[in-house]
Amino acid sequence: MESIEGDAGNFTVTVRERPRYVDMDKCIACGICAERCPRKVKDEYNQGLAKRKAIYVQYPQAVPLKYVIDADHCIYFKKKGRCRACEKYCPADAIDFTQKEKIHKIQVGSVVLSTGFKSFDPSGYDVFGYGSLPNVITSMEFERILSASGPFQGHLQRPSDDKPPQKIAWLQCVGSRDLHAGCHEYCSSVCCMYAIKEAVIAKEHAGGDLDTAIFFMDMRTPGKEFDKYYDRARDEVGVRFIRSRVHSIELAGHGSDDLRIIYMSEDGKLKKEIFNLVVLSTGLEISEDVRKLAQDLGIELDLHGFAKTSSFTPVATSRPGVFACGAFTGPKDIPQSVMEASAASSACAVLLADSRNTLTQEKTYPSEDPIIYEEPRIGVFVCHCGINIGGVVDVPAVRDYAETLPNVVYVADNMFTCSQDTQGLIRDAVKENRLNRVVVAACTPRTHEPLFQETIRDGGLNPYLFEFANIRDQDAWVHQKEPEKATEKAKDLVRMSVAKAALLEPIEPLLLGNRHEAMVVGGGAAGMIAALDLADQGLKTFIVEQKGKLGGNAKYVRKTWKGEDGRAFLADLIGRVQGHKQIEVLLDTKISHVSGFVGNFTTTVTTGSAEQELEHGIIILAVGAKPLKPDEYLYGQNERVMRWHELEELFEKEPERLEQAEAVAFIQCVGSREPERPYCSKFCCTSSLQQAIDFKTRKPDLNIYILYRDIRTYGQREELYRKARELGVIFIRYSLDKKPVVEETSVDGKDKLKITVKDHILGIPLELHVDYLNLATAIIARGEEELAKMLKVPLNEDGFFLEAHMKLRPVDFATDGIFVCGLAHYPKPLEESIVQAKAAAARAASVLIKESVEVEPTVSVVDQEKCIGCGLCEASCPFGAIHLVKVPGRGYRAENISALCKGCGICAAACPQKAIDMKHFRDRQIHAMIEAGGRR
Amino acid sequence: MKAGNIEMNKSFEPKILAFLCNWCAYAGADLAGVSRLQYPPAIRSIRVMCSGRVDPVYIIDGLKSGFDSVFVSG
Amino acid sequence: MELVRYLLDLSGIGRDRVQLRWISAAEGQLFAKYVAEVTNITQELGPFDPKKFRLPLAAVEQTLNSTRIRWLLGLTKQITEQGNVYNEKLKDKDFKKLLQQATEEEYQKALIIEVLKQSPRSVREMAEKTGLPVYTVSLRLNELERCNQAGLKEYSGSTPIFMGM
């Protein structure tokens with residue numbers, strides 16, 4: 001991108017397209033060119049650990065899968081017209097050396113910048129020895145080493161001698177949380193989690209004997225389910241975690257490729273340990289290119305090069321109409337990036353609501369020819385999934401076995417069956433071999449069935465002529481040590497799927513009219529933001545709030561960690577919501593009943609004694625959470641012990657209390673990260689530090705103690721940690737097995753609290769006398785079991801709503817048309833709640849703007865000849881989706897209400913006449929699978 | 001596994017037919033995979049939309065077809 | 001499911017050949033544990049040979065498909081919770097007893113039908129093949145005759161020989 005001219009809603013973007021020297025329409029990605037190319041180049045994708053050719057594809061799953069010539073290394077361009085090997089051998093005549101650079105001018109209404117990050121380059125920093133010592137590598141390099149498509153095909157080996165390492169160390173915070181020149185002050189947020197993941201996977205690959213150790217300062221795993229992963233890595237997988245400061249790395253001895261790490265342990269002792277491989281957990285940074293681009297586009301950046309955003313508009317850049325998401329606005333992980341991406345799309349949708357659908361075209365599919373379904377002709381595609389399946393199951397053997405099965409006329413095995421080029425292969429195979437049923441043996445239908453259904457639809461087949469054999473999630477991954485048995489199981493599963501496939505029938509899609517209203521449950525910040533984003537697109541939105549006023553937990557946020565005024569924001573937000581024509585706020589209102597389905601929900605709500613029904617197309621759950629009331633540390637027994645915002649509120653109301661105080665303490669992780677609640681409440685560290693800085697600034701001689709387990713000021717919040725230490729806030733770490741003890745006492749006639757805690761650095765118990773103690777207690781779920789049951793959406797073990805996919809679908813549920821955001825999903829700071837609320841609005845709007853929704857047509861069918869109208873099906877159906885209707889001359893007969901039907905099949909099992917069958921799960925199809933599976 | 005008896009038992013590789021509900025057990029089974037939890041390779045699963053779909057006759061069918069037992073999980 | 005297990009006991013196959021477990025989408029750990037558990041139980045039971053149990057399997061299947069059992073199962077809620085027009089309800093315990101009795105009778109009839117499918121037989125022969133007491137065979141046979149599912153074929157000497165219909 002060269003420039004953006006114009007204003008929000010009407011930009012002209014200039015884009016420079018570099019020549020590829022390969023005709024994209026002609027290239028079939030056969031790879032002969034790369035095979036023939038004589039020029040070898042370091043492969044950047046594999047971090048230089050492998051070579052590629054001058055004509056190449058960046059990585060196997062690249063979209064589109066087309067080759068490109070690297071003109072900087074190609075002999076033709078370097079030696080004036082020599083070589084031309086690729087041109088000579090290309091069977092598709094796709095090489096075109098005459099291509100020139102092109103400039104495109106694109107008219108758009110808004111722009112999203114998701115330029116990502118660059119990994120910190122540790123060369124030149126003596127401490128780490130990167131580049132000068134053998135076997136010191138970066139985490140990105142290690143990631144490639146572990147990868148099936150990496151330089152060593154996923155075999156764990158070290159670079160210097162290709163030997164498998166016995167001991168690997170990870171060094172955290174390389175380039176992050178480091179004030180040295182060229183390093184970054186901020187925390188890169190993701191490194192703790194990826195280091196644990198790499199250590200766990202490395203142990204998995206090595207098969208048991210590998211020793212892994214992570215050298216860290218604070219373990220920062222504040223995300224949803226992250227602490228559980230950390231606990232499991234430490235307690236079950238046996239990853240060692242060493243709280244330390246690394247002093248230096250040196251060669252273990254003359255002629256050795258091993259490395260000695262010299263480090264200071266927490267108690268201040270200098271220690272040494274030898275490892276075969278050292279991985280540097282390098283941080284995330286913004287590249288020079290992106291900084292320059294931002295400058296050219298007029299986007300303001302912060303001190304560290306990240307796009308400047310406000311906590312209240314976290315995806316808006318300084319230039320109206322230009323939005324940002326992902327690591328461009330700060331270091332962050334996949335779920336947060338995905339949420340921000342959806343949030344940015346919501347921001348665009350609001351901006352461009354008036355021009356919606358003015359440029360759209362409808363996708364058309366080839367027509368389905370019913371004649372081809374007569375005789376089953378099945379194609380079976382077996383996936384290697386890199387080494388995920390191929391490393392355990394003998395994939396070629398499964399493929400060959402499939403060929404011997406009845407009705408199978410075509411078989412293939414693919415490295416990644418889900419890759420875009422394989423979709424092309426499947427479509428071609430369907431056409432060339434007149435296939436009318438397709439079986440894919442791969443990961444799991446729960447994530448990938450829709451993709452393959454779409455593919456065969458593009459190939460002219462009804463999407464229900466597809467069957468999945470789950471040989472990854474339920475085979476290769478769970479029988480890693482029994483490859484032969486896993487292969488046998490894969491064969492059986494393929495045989496069962498083929499047996500069912502032969503009996504599959506085409507099923508017509510079910511289209512239903514769609515309502516365009518939204519219902520948001522919860523009137524806190526998340527609920528209101530989601531409602532505004534929808535209402536601003538012209539979509540009528542109900543906010544249902546249990547309490548008598550809007551605001552939720554946001555009212556406790558006096559200031560954000562960036563220093564913005566939280567109360568002003570909330571007042572403005574409430575004002576906008578109340579004044580919006582498209583928003584109807586229902587206070588003191590409870591949900592008593594929900595029926596219906598995506599596009600057509602009917603919800604009964606009660607306000608006082610009045611009941612009313614709301615009709616709407618989607619539901620957003622923004623019900624929030626609450627802080628735990630602890631029963632430890634004298635909370636509730638001594639008024640000097642408070643929690644969360646109580647202390648700052650006290651100091652605000654009675655400033656003399658702060659004036660008279662000599663010392664205050666904070667205890668972190670009260671009720672969090674304990675066996676009973678094994679999760680981190682994510683923003684308590686930031687909150688306590690903010691308050692500590694505030695108090696210390698107002699009263700510099702106040703002693704402030706923060707008793708913590710790990711300080712988790714992730715991302716740019718690290719600035720607070722530095723500032724607090726500079727101001728003289730005292731940090732004392734405690735461990736779960738030696739929690740601080742709080743007692744009432746008095747000093748010189750003044751009431752005080754005595755806190756006894758063991759200091760890990762000095763190794764002795766400390767006694768602190770403080771005037772006030774503030775507890776950062778766990779954020780706990782509200783106990784929404786009933787609501788969850790009503791909506792049939794799951795909660796996790798901690799009572800928070802469980803999304804459809806932790807990383808890729810962070811605001812969706814498996815049930816269509818219901819979304820989640822804010823604290824109801826997991827504890828998080830205000831800015832992240834806002835992002836998630838906007839993401840939920842984006843996902844919701846994608847449903848609401850449609851005229852009709854397509855529902856799963858895999859519903860029950862009643863054989864009217866066999867049905868005797870007894871009504872047992874109606875009585876048994878949990879969804880009210882089957883009922884009796886009067887048929888002239890025959891009495892009553894059962895009839896399915898397709899829109900409500902979830903396809904569970906309870907009615908079919910209950911029918912005494914066996915008159916009910918399930919589409920796509922027909923009796924005979926299941927019988928065929930059972931019979932095929934049992935055969936030995 | 002020193003005792004002859006136990007070894008005899010363990011050496012027999014049972015084949016078990018499993019009916020897994022798409023929303024619960026099947027998802028749980030996938031999660032076990034994602035978490036790389038290892039378990040015996042005995043089951044051959046059939047995905048159903050709900051364990052209520054499992055007609056008692058299917059169980060007899062499984063035993064007739066040569067499975068050693070049937071596991072229904074919802 | 002409980003009924004299937006009851007029938008499996010009745011037929012000598014053993015209720016443990018069917019295992020039922022509840023887990024949620026979030027319980028991968030539990031799933032792995034249950035599979036190991038079910039595998040162990042099956043290993044303890046040893047291999048199942050369907051050929052040895054051909055007759056009982058066929059009879060169990062027939063029982064489960066019988067109108068009487070399917071109706072009783074379908075009406076469970078109505079009988080135990082809603083009651084009939086006179087508001088008469090059966091206690092869960094009594095209903096269970098009723099269901100088990102019906103199941104046992106249907107199973108015995110199914111055994112007789114299966115045995116008669118092979119060839120016409122005398123009551124004593126049927127009792128031998130099915131393992132049922134002679135008196136029970138007579139009772140069930142009587143019921144089958146009334147429903148036109150079995151009938152007298154001929155006399156062998158003074159012994160009546162019955163056949164399936």
# chains A, B, ... in the order shown; residues from 1 in each chain; ligands from 1

$ interface_residues --of "chain C" --to "chain A" --cutoff "12 Å" --atoms "only C-alpha atoms" --output "NGL selection string"
:C and (1 or 24-29 or 31-32 or 35-36 or 48-50 or 64-78 or 82)

$ residues_around --residues "C:Tyr135" --least-positions-apart "3" --cutoff "12 Å" --atoms "only C-alpha atoms" --output "JSON, numbers by chain"
{"C": [108, 123, 124, 126, 127, 131, 132, 138, 139, 140, 141, 142]}

$ write_last_selection --atoms "all heavy atoms" --output "PDB file, in the first residue's frame"
ATOM      1  N   GLN C 108     -39.628 -64.397  26.039  1.00  0.00           N
ATOM      2  CA  GLN C 108     -39.901 -65.833  25.971  1.00  0.00           C
ATOM      3  C   GLN C 108     -40.657 -66.178  24.688  1.00  0.00           C
ATOM      4  O   GLN C 108     -40.361 -67.159  24.007  1.00  0.00           O
ATOM      5  CB  GLN C 108     -40.700 -66.274  27.206  1.00  0.00           C
ATOM      6  CG  GLN C 108     -39.852 -66.224  28.471  1.00  0.00           C
ATOM      7  CD  GLN C 108     -40.685 -66.252  29.743  1.00  0.00           C
ATOM      8  OE1 GLN C 108     -41.910 -66.107  29.700  1.00  0.00           O
ATOM      9  NE2 GLN C 108     -40.025 -66.438  30.878  1.00  0.00           N
ATOM     10  N   VAL C 123     -43.707 -79.266  22.370  1.00  0.00           N
ATOM     11  CA  VAL C 123     -43.472 -78.394  23.532  1.00  0.00           C
ATOM     12  C   VAL C 123     -42.168 -78.782  24.236  1.00  0.00           C
ATOM     13  O   VAL C 123     -41.375 -77.931  24.599  1.00  0.00           O
ATOM     14  CB  VAL C 123     -44.676 -78.455  24.502  1.00  0.00           C
ATOM     15  CG1 VAL C 123     -44.342 -77.725  25.802  1.00  0.00           C
ATOM     16  CG2 VAL C 123     -45.907 -77.851  23.847  1.00  0.00           C
ATOM     17  N   ARG C 124     -41.962 -80.078  24.393  1.00  0.00           N
ATOM     18  CA  ARG C 124     -40.757 -80.521  25.098  1.00  0.00           C
ATOM     19  C   ARG C 124     -39.494 -80.098  24.338  1.00  0.00           C
ATOM     20  O   ARG C 124     -38.532 -79.616  24.936  1.00  0.00           O
ATOM     21  CB  ARG C 124     -40.803 -82.057  25.280  1.00  0.00           C
ATOM     22  CG  ARG C 124     -39.733 -82.575  26.227  1.00  0.00           C
ATOM     23  CD  ARG C 124     -40.080 -83.940  26.783  1.00  0.00           C
ATOM     24  NE  ARG C 124     -41.314 -83.967  27.548  1.00  0.00           N
ATOM     25  CZ  ARG C 124     -41.395 -83.564  28.830  1.00  0.00           C
ATOM     26  NH1 ARG C 124     -40.324 -83.130  29.463  1.00  0.00           N
ATOM     27  NH2 ARG C 124     -42.547 -83.622  29.474  1.00  0.00           N
ATOM     28  N   MET C 126     -39.249 -77.583  22.333  1.00  0.00           N
ATOM     29  CA  MET C 126     -39.115 -76.129  22.466  1.00  0.00           C
ATOM     30  C   MET C 126     -38.472 -75.779  23.796  1.00  0.00           C
ATOM     31  O   MET C 126     -37.625 -74.915  23.888  1.00  0.00           O
ATOM     32  CB  MET C 126     -40.481 -75.455  22.364  1.00  0.00           C
ATOM     33  CG  MET C 126     -40.980 -75.327  20.936  1.00  0.00           C
ATOM     34  SD  MET C 126     -42.512 -74.394  20.925  1.00  0.00           S
ATOM     35  CE  MET C 126     -43.686 -75.674  20.644  1.00  0.00           C
ATOM     36  N   ALA C 127     -38.907 -76.483  24.841  1.00  0.00           N
ATOM     37  CA  ALA C 127     -38.367 -76.214  26.173  1.00  0.00           C
ATOM     38  C   ALA C 127     -36.874 -76.494  26.203  1.00  0.00           C
ATOM     39  O   ALA C 127     -36.091 -75.737  26.772  1.00  0.00           O
ATOM     40  CB  ALA C 127     -39.094 -77.061  27.199  1.00  0.00           C
ATOM     41  N   GLY C 131     -34.448 -73.443  26.654  1.00  0.00           N
ATOM     42  CA  GLY C 131     -34.014 -73.437  28.043  1.00  0.00           C
ATOM     43  C   GLY C 131     -35.106 -72.987  29.002  1.00  0.00           C
ATOM     44  O   GLY C 131     -34.846 -72.724  30.165  1.00  0.00           O
ATOM     45  N   LEU C 132     -36.335 -72.841  28.514  1.00  0.00           N
ATOM     46  CA  LEU C 132     -37.450 -72.427  29.372  1.00  0.00           C
ATOM     47  C   LEU C 132     -38.126 -73.659  29.956  1.00  0.00           C
ATOM     48  O   LEU C 132     -38.102 -74.728  29.346  1.00  0.00           O
ATOM     49  CB  LEU C 132     -38.477 -71.637  28.556  1.00  0.00           C
ATOM     50  CG  LEU C 132     -38.010 -70.338  27.900  1.00  0.00           C
ATOM     51  CD1 LEU C 132     -39.102 -69.786  26.987  1.00  0.00           C
ATOM     52  CD2 LEU C 132     -37.637 -69.319  28.964  1.00  0.00           C
ATOM     53  N   SER C 138     -45.658 -73.650  27.503  1.00  0.00           N
ATOM     54  CA  SER C 138     -47.094 -73.859  27.247  1.00  0.00           C
ATOM     55  C   SER C 138     -47.856 -72.549  27.326  1.00  0.00           C
ATOM     56  O   SER C 138     -48.675 -72.223  26.467  1.00  0.00           O
ATOM     57  CB  SER C 138     -47.681 -74.833  28.251  1.00  0.00           C
ATOM     58  OG  SER C 138     -46.945 -76.006  28.229  1.00  0.00           O
ATOM     59  N   LEU C 139     -47.556 -71.767  28.405  1.00  0.00           N
ATOM     60  CA  LEU C 139     -48.254 -70.494  28.595  1.00  0.00           C
ATOM     61  C   LEU C 139     -48.045 -69.565  27.410  1.00  0.00           C
ATOM     62  O   LEU C 139     -48.973 -69.000  26.837  1.00  0.00           O
ATOM     63  CB  LEU C 139     -47.757 -69.804  29.867  1.00  0.00           C
ATOM     64  CG  LEU C 139     -48.289 -70.290  31.212  1.00  0.00           C
ATOM     65  CD1 LEU C 139     -47.605 -69.519  32.326  1.00  0.00           C
ATOM     66  CD2 LEU C 139     -49.799 -70.108  31.280  1.00  0.00           C
ATOM     67  N   ARG C 140     -46.768 -69.382  27.034  1.00  0.00           N
ATOM     68  CA  ARG C 140     -46.437 -68.429  25.978  1.00  0.00           C
ATOM     69  C   ARG C 140     -46.974 -68.910  24.620  1.00  0.00           C
ATOM     70  O   ARG C 140     -47.449 -68.137  23.806  1.00  0.00           O
ATOM     71  CB  ARG C 140     -44.910 -68.231  25.880  1.00  0.00           C
ATOM     72  CG  ARG C 140     -44.282 -67.625  27.130  1.00  0.00           C
ATOM     73  CD  ARG C 140     -44.639 -66.161  27.329  1.00  0.00           C
ATOM     74  NE  ARG C 140     -45.743 -65.995  28.277  1.00  0.00           N
ATOM     75  CZ  ARG C 140     -45.630 -66.045  29.608  1.00  0.00           C
ATOM     76  NH1 ARG C 140     -44.443 -66.260  30.160  1.00  0.00           N
ATOM     77  NH2 ARG C 140     -46.675 -65.904  30.385  1.00  0.00           N
ATOM     78  N   LEU C 141     -46.905 -70.214  24.448  1.00  0.00           N
ATOM     79  CA  LEU C 141     -47.382 -70.787  23.199  1.00  0.00           C
ATOM     80  C   LEU C 141     -48.884 -70.509  23.048  1.00  0.00           C
ATOM     81  O   LEU C 141     -49.348 -70.141  21.977  1.00  0.00           O
ATOM     82  CB  LEU C 141     -47.113 -72.297  23.197  1.00  0.00           C
ATOM     83  CG  LEU C 141     -47.349 -73.019  21.881  1.00  0.00           C
ATOM     84  CD1 LEU C 141     -46.410 -72.483  20.804  1.00  0.00           C
ATOM     85  CD2 LEU C 141     -47.116 -74.523  22.038  1.00  0.00           C
ATOM     86  N   ASN C 142     -49.558 -70.634  24.175  1.00  0.00           N
ATOM     87  CA  ASN C 142     -50.981 -70.364  24.194  1.00  0.00           C
ATOM     88  C   ASN C 142     -51.256 -68.940  23.728  1.00  0.00           C
ATOM     89  O   ASN C 142     -52.128 -68.672  22.907  1.00  0.00           O
ATOM     90  CB  ASN C 142     -51.471 -70.577  25.622  1.00  0.00           C
ATOM     91  CG  ASN C 142     -52.965 -70.703  25.665  1.00  0.00           C
ATOM     92  OD1 ASN C 142     -53.649 -69.702  25.525  1.00  0.00           O
ATOM     93  ND2 ASN C 142     -53.458 -71.927  25.806  1.00  0.00           N
TER      94      ASN C 142
END

$ atom_distance --atom1 "atom CA of A:Lys42" --atom2 "atom CA of A:His73"
10.2 Å

$ select_by_dssp --residues "chain B" --states "helix (DSSP H, G or I)" --output "ChimeraX atom specification"
/B:4-11,25-34,51-53,56-64

$ closest_residue --among "A:Thr444, A:Ser176, A:Gln420, A:Ser188" --to "chain B" --atoms "only C-alpha atoms"
A:Thr444
